[in-house]
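K.L.:
So that you have it, the file is my_file20.cif, and it contains mmCIF, C-alpha atoms:
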```
data_final
loop_
_atom_site.label_atom_id
_atom_site.label_comp_id
_atom_site.auth_asym_id
_atom_site.auth_seq_id
_atom_site.Cartn_x
_atom_site.Cartn_y
_atom_site.Cartn_z
CA MET T 1 -27.21 -22.74 -22.76
CA THR T 2 -26.67 -24.52 -19.47
CA VAL T 3 -25.51 -28.11 -19.33
CA ARG T 4 -25.46 -29.98 -16.00
CA ARG T 5 -22.73 -32.51 -15.38
CA ARG T 6 -23.00 -34.14 -11.96
CA ASP T 7 -22.90 -31.22 -9.49
CA ALA T 8 -21.11 -28.81 -11.84
CA VAL T 9 -22.77 -26.38 -14.20
CA GLU T 10 -21.09 -25.51 -17.47
CA VAL T 11 -22.27 -22.27 -19.01
CA SER T 12 -21.83 -21.55 -22.67
CA PRO T 13 -22.99 -18.42 -24.48
CA GLY T 14 -24.52 -20.16 -27.45
CA PRO T 15 -25.45 -23.51 -28.94
CA THR T 16 -21.87 -24.55 -29.60
CA GLY T 17 -20.11 -22.54 -26.87
CA PRO T 18 -16.73 -20.88 -27.08
CA PRO T 19 -13.61 -22.93 -27.81
CA ALA T 20 -12.07 -21.87 -24.48
CA LEU T 21 -14.63 -21.57 -21.70
CA VAL T 22 -12.52 -19.98 -18.92
CA PRO T 23 -11.15 -17.12 -21.06
CA TRP T 24 -14.66 -16.49 -22.33
CA LEU T 25 -16.09 -16.32 -18.81
CA LEU T 26 -13.28 -14.04 -17.61
CA ARG T 27 -13.87 -11.76 -20.60
CA ARG T 28 -17.60 -11.60 -19.93
CA THR T 29 -16.99 -10.85 -16.25
CA ASN T 30 -14.52 -8.12 -17.18
CA GLN T 31 -17.12 -6.63 -19.51
CA ARG T 32 -19.41 -6.13 -16.53
CA TYR T 33 -16.70 -4.14 -14.72
CA ARG T 34 -15.90 -2.07 -17.81
CA ALA T 35 -19.56 -1.29 -18.47
CA ALA T 36 -20.08 -0.21 -14.85
CA VAL T 37 -16.98 2.01 -14.96
CA ARG T 38 -17.99 3.58 -18.28
CA GLU T 39 -21.50 4.26 -16.96
CA ARG T 40 -20.22 5.81 -13.72
CA LEU T 41 -17.76 8.04 -15.62
CA GLU T 42 -20.50 9.20 -18.00
CA GLU T 43 -22.81 9.97 -15.04
CA ARG T 44 -20.11 12.32 -13.75
CA GLY T 45 -19.48 13.93 -17.12
CA LEU T 46 -16.07 12.32 -17.56
CA THR T 47 -15.71 11.23 -21.17
CA GLY T 48 -12.94 10.37 -23.58
CA LEU T 49 -11.10 8.10 -21.17
CA PRO T 50 -9.89 4.93 -22.89
CA GLN T 51 -10.42 1.64 -21.06
CA PRO T 52 -6.69 1.16 -20.28
CA GLY T 53 -6.85 4.62 -18.73
CA TYR T 54 -9.24 3.28 -16.08
CA TRP T 55 -6.54 1.11 -14.60
CA ALA T 56 -3.74 3.64 -15.13
CA LEU T 57 -5.66 6.23 -13.10
CA THR T 58 -6.28 3.58 -10.44
CA VAL T 59 -2.53 2.88 -10.20
CA LEU T 60 -1.72 6.60 -9.96
CA ALA T 61 -4.44 7.17 -7.36
CA ALA T 62 -2.96 4.33 -5.28
CA GLY T 63 0.46 6.01 -5.21
CA GLY T 64 2.05 5.28 -8.56
CA THR T 65 4.16 8.24 -9.58
CA ASP T 66 5.67 7.56 -12.97
CA ALA T 67 5.57 5.60 -16.21
CA ARG T 68 7.66 2.79 -14.70
CA HIS T 69 4.90 2.14 -12.14
CA LEU T 70 2.38 1.95 -14.97
CA VAL T 71 4.54 -0.44 -17.00
CA ASP T 72 4.94 -2.70 -13.96
CA GLU T 73 1.31 -2.63 -12.82
CA LEU T 74 -0.43 -2.73 -16.20
CA GLY T 75 1.98 -5.25 -17.66
CA VAL T 76 2.37 -3.42 -20.96
CA SER T 77 5.31 -1.98 -22.89
CA LYS T 78 6.94 1.39 -22.28
CA GLN T 79 5.66 2.49 -25.68
CA ALA T 80 2.07 1.59 -24.80
CA VAL T 81 2.35 3.48 -21.50
CA SER T 82 3.85 6.49 -23.26
CA LYS T 83 0.90 6.66 -25.67
CA LEU T 84 -1.57 6.13 -22.84
CA VAL T 85 0.00 8.88 -20.72
CA ASP T 86 -0.12 11.23 -23.74
CA THR T 87 -3.85 10.48 -24.04
CA LEU T 88 -4.41 11.04 -20.30
CA VAL T 89 -2.50 14.33 -20.39
CA THR T 90 -4.38 15.52 -23.50
CA GLY T 91 -7.67 14.52 -21.86
CA GLY T 92 -6.84 16.56 -18.76
CA TYR T 93 -6.66 13.58 -16.39
CA VAL T 94 -2.91 13.64 -15.68
CA GLU T 95 -0.13 16.23 -15.60
CA ARG T 96 3.55 15.61 -16.19
CA ARG T 97 5.79 17.41 -13.70
CA PRO T 98 9.57 17.45 -13.35
CA ASN T 99 10.91 14.90 -10.88
CA PRO T 100 12.54 16.96 -8.10
CA THR T 101 15.29 14.38 -7.53
CA ASP T 102 16.02 13.28 -11.12
CA ARG T 103 15.79 15.83 -13.94
CA ARG T 104 15.69 13.05 -16.55
CA ARG T 105 12.36 11.76 -15.25
CA THR T 106 8.87 13.13 -14.87
CA VAL T 107 6.29 12.58 -12.16
CA LEU T 108 2.72 11.82 -13.18
CA VAL T 109 0.13 13.63 -11.08
CA LEU T 110 -3.64 13.27 -11.23
CA THR T 111 -5.51 16.47 -12.03
CA THR T 112 -8.84 17.31 -10.44
CA SER T 113 -10.54 15.45 -13.31
CA GLY T 114 -8.13 12.55 -12.81
CA HIS T 115 -9.07 12.31 -9.14
CA ARG T 116 -12.77 12.51 -10.00
CA ALA T 117 -12.35 9.75 -12.59
CA ALA T 118 -10.34 7.56 -10.18
CA ASP T 119 -13.08 7.99 -7.58
CA ALA T 120 -15.77 7.09 -10.14
CA ILE T 121 -13.79 4.01 -11.18
CA ALA T 122 -13.36 2.90 -7.56
CA ASP T 123 -17.10 3.42 -6.93
CA ALA T 124 -18.01 1.34 -9.99
CA VAL T 125 -15.63 -1.46 -9.01
CA ARG T 126 -17.01 -1.53 -5.46
CA ALA T 127 -20.57 -1.61 -6.77
CA THR T 128 -19.74 -4.43 -9.20
CA ASP T 129 -17.94 -6.36 -6.47
CA ALA T 130 -21.01 -5.97 -4.25
CA ALA T 131 -23.28 -7.20 -7.05
CA PHE T 132 -21.06 -10.25 -7.58
CA ALA T 133 -21.01 -10.93 -3.83
CA ARG T 134 -24.82 -10.84 -3.80
CA GLU T 135 -25.00 -13.18 -6.80
CA LEU T 136 -22.44 -15.68 -5.50
CA GLY T 137 -22.67 -15.15 -1.77
CA ALA T 138 -19.95 -13.33 0.14
CA GLY T 139 -17.95 -16.47 0.88
CA GLN T 140 -17.83 -17.67 -2.72
CA PHE T 141 -16.95 -14.19 -3.97
CA ALA T 142 -14.08 -13.94 -1.46
CA GLU T 143 -12.88 -17.37 -2.59
CA LEU T 144 -13.09 -16.31 -6.23
CA VAL T 145 -10.97 -13.23 -5.51
CA GLU T 146 -8.37 -15.37 -3.70
CA LEU T 147 -8.24 -17.88 -6.55
CA LEU T 148 -7.88 -15.18 -9.20
CA ALA T 149 -5.15 -13.46 -7.16
CA THR T 150 -3.28 -16.78 -6.98
CA LEU T 151 -3.49 -17.20 -10.75
CA ALA T 152 -2.49 -13.57 -11.35
CA ARG T 153 0.63 -13.90 -9.19
CA GLY T 154 1.84 -16.74 -11.39
CA ALA T 155 1.31 -14.90 -14.67
CA PRO T 156 4.07 -13.07 -16.54
CA VAL T 157 3.62 -9.30 -16.49
CA ARG T 158 4.13 -9.13 -20.26
CA ALA T 159 5.37 -11.38 -23.04
CA GLY T 160 8.91 -12.55 -22.36
CA ASP T 161 8.92 -11.48 -18.70
CA ARG T 162 9.05 -14.50 -16.42
CA SER T 163 9.42 -12.59 -13.16
CA GLY T 164 5.74 -12.99 -12.26
CA ALA T 165 2.92 -10.51 -12.10
CA ARG T 166 3.23 -7.50 -9.87
CA SER T 167 -0.11 -6.27 -8.73
CA ALA T 168 -1.53 -3.87 -6.21
CA ALA T 169 -3.74 -6.80 -5.16
CA ASP T 170 -0.63 -8.88 -4.38
CA PRO T 171 0.34 -8.29 -0.75
CA GLY T 172 3.58 -10.22 -1.21
CA ARG T 173 5.05 -7.42 -3.22
#
```
Here is the file; what I need is its structure written in the form of structure tokens.
P.N.:
Amino acid sequence: MTVRRRDAVEVSPGPTGPPALVPWLLRRTNQRYRAAVRERLEERGLTGLPQPGYWALTVLAAGGTDARHLVDELGVSKQAVSKLVDTLVTGGYVERRPNPTDRRRTVLVLTTSGHRAADAIADAVRATDAAFARELGAGQFAELVELLATLARGAPVRAGDRSGARSAADPGR
């Protein structure tokens, strides 16, 4: 259902619409990314990767080296990262190796499958970005990205953490 109010357009998914329009629209937009990533992974024969694993592999491919990087970038608990890393190791996407400078820690390294998956994820994100840029126009899409980055910088990383979001998309880091 589309309702016009002056020059603005409000989009709602059904006759009554969601109780919170912005979260609904962000969720629907995120679904488009997730579907594109899932499809690209399946095309390349990469299965069994949970959705949070998409972003963990992206962090590791961008230079993250350990669980602390994943906690910081994904904004989840150490326990959630530990379970996710176990799943990625079991799935053959990541290996744990001893940290050469600190025996108490491990380094997370992408396997060949992990690199292939990270490449597929990056391809799907680029393709989805390009589709959004075509739909909105390049200028509006760039503005949308800037606005979302501004909002993300102001968000807590996880419940109780008021230090602000840390993101690979945040150049002020």
K.L.:
One decimal, in Å: what's the spacing between atom CA of Leu74 of chain T and atom CA of Ala152 of chain T?
P.N.:
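One can read the atom CA of Leu74 of chain T to atom CA of Ala152 of chain T distance as 12.1 Å.
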K.L.:
What is the atom CA of Thr111 of chain T to atom CA of Tyr93 of chain T distance in Å?
P.N.:
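These two atoms are separated by 5.4 Å.
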K.L.:
Atom CA of Ile121 of chain T and atom CA of Ala61 of chain T are how many Å apart?
P.N.:
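If I compute the distance from atom CA of Ile121 of chain T to atom CA of Ala61 of chain T, I get 10.6 Å.
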K.L.:
Name the residues that the PyMOL selection byres ((chain T and resi 68) around 12) picks from the file above, as a list in words, using the file's chain letters and numbers.
P.N.:
Ala56, Val59, Leu60, Gly64, Thr65, Asp66, Ala67, His69, Leu70, Val71, Asp72, Glu73, Leu74, Gly75, Val76, Ser77, Lys78, Gln79, Ala80, Val81, Ser82, Val85, Arg105, Thr106, Val107 and Leu108 of chain T
K.L.:
For the file shown, report as a PyMOL selection string the outcome of the PyMOL selection byres ((chain T and resi 141-145) around 12) at residue level.
P.N.:
chain T and resi 26+128-140+146-152+169-170
K.L.:
I would like the residues chosen by the PyMOL selection byres ((chain T and resi 88) around 10) on the shown file; could you give them as a VMD selection string?
P.N.:
chain T and resid 48 to 50 53 56 to 57 82 to 87 89 to 95 110 to 111 114
K.L.:
Save out the residues we just selected, C-alpha atoms, as a PDB file, keeping the file's coordinate frame.
P.N.:
```pdb
ATOM      1  CA  GLY T  48     -12.940  10.370 -23.580  1.00  0.00           C
ATOM      2  CA  LEU T  49     -11.100   8.100 -21.170  1.00  0.00           C
ATOM      3  CA  PRO T  50      -9.890   4.930 -22.890  1.00  0.00           C
ATOM      4  CA  GLY T  53      -6.850   4.620 -18.730  1.00  0.00           C
ATOM      5  CA  ALA T  56      -3.740   3.640 -15.130  1.00  0.00           C
ATOM      6  CA  LEU T  57      -5.660   6.230 -13.100  1.00  0.00           C
ATOM      7  CA  SER T  82       3.850   6.490 -23.260  1.00  0.00           C
ATOM      8  CA  LYS T  83       0.900   6.660 -25.670  1.00  0.00           C
ATOM      9  CA  LEU T  84      -1.570   6.130 -22.840  1.00  0.00           C
ATOM     10  CA  VAL T  85       0.000   8.880 -20.720  1.00  0.00           C
ATOM     11  CA  ASP T  86      -0.120  11.230 -23.740  1.00  0.00           C
ATOM     12  CA  THR T  87      -3.850  10.480 -24.040  1.00  0.00           C
ATOM     13  CA  VAL T  89      -2.500  14.330 -20.390  1.00  0.00           C
ATOM     14  CA  THR T  90      -4.380  15.520 -23.500  1.00  0.00           C
ATOM     15  CA  GLY T  91      -7.670  14.520 -21.860  1.00  0.00           C
ATOM     16  CA  GLY T  92      -6.840  16.560 -18.760  1.00  0.00           C
ATOM     17  CA  TYR T  93      -6.660  13.580 -16.390  1.00  0.00           C
ATOM     18  CA  VAL T  94      -2.910  13.640 -15.680  1.00  0.00           C
ATOM     19  CA  GLU T  95      -0.130  16.230 -15.600  1.00  0.00           C
ATOM     20  CA  LEU T 110      -3.640  13.270 -11.230  1.00  0.00           C
ATOM     21  CA  THR T 111      -5.510  16.470 -12.030  1.00  0.00           C
ATOM     22  CA  GLY T 114      -8.130  12.550 -12.810  1.00  0.00           C
TER      23      GLY T 114
END
```
K.L.:
Do you know which residues lie at most 10 Å from (-18.6, 11.2, -14.1), with coordinates as in the file and only C-alpha atoms counted, and could you write them as a short mmCIF file (atom, residue, chain, number, x, y, z; two decimals) with C-alpha atoms, keeping the file's coordinate frame?
P.N.:
```
data_model
loop_
_atom_site.label_atom_id
_atom_site.label_comp_id
_atom_site.auth_asym_id
_atom_site.auth_seq_id
_atom_site.Cartn_x
_atom_site.Cartn_y
_atom_site.Cartn_z
CA VAL T 37 -16.98 2.01 -14.96
CA ARG T 38 -17.99 3.58 -18.28
CA GLU T 39 -21.50 4.26 -16.96
CA ARG T 40 -20.22 5.81 -13.72
CA LEU T 41 -17.76 8.04 -15.62
CA GLU T 42 -20.50 9.20 -18.00
CA GLU T 43 -22.81 9.97 -15.04
CA ARG T 44 -20.11 12.32 -13.75
CA GLY T 45 -19.48 13.93 -17.12
CA LEU T 46 -16.07 12.32 -17.56
CA THR T 47 -15.71 11.23 -21.17
CA SER T 113 -10.54 15.45 -13.31
CA ARG T 116 -12.77 12.51 -10.00
CA ALA T 117 -12.35 9.75 -12.59
CA ALA T 118 -10.34 7.56 -10.18
CA ASP T 119 -13.08 7.99 -7.58
CA ALA T 120 -15.77 7.09 -10.14
CA ILE T 121 -13.79 4.01 -11.18
#
```
K.L.:
Let me make sure I understand: among T:Trp24, T:Asn99, T:Ala36, T:Arg153, which one has the smallest atom-to-atom distance to Arg126 of chain T if we use all atoms listed in the file?
P.N.:
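Nearest candidate to Arg126 of chain T out of T:Trp24, T:Asn99, T:Ala36, T:Arg153: T:Ala36.
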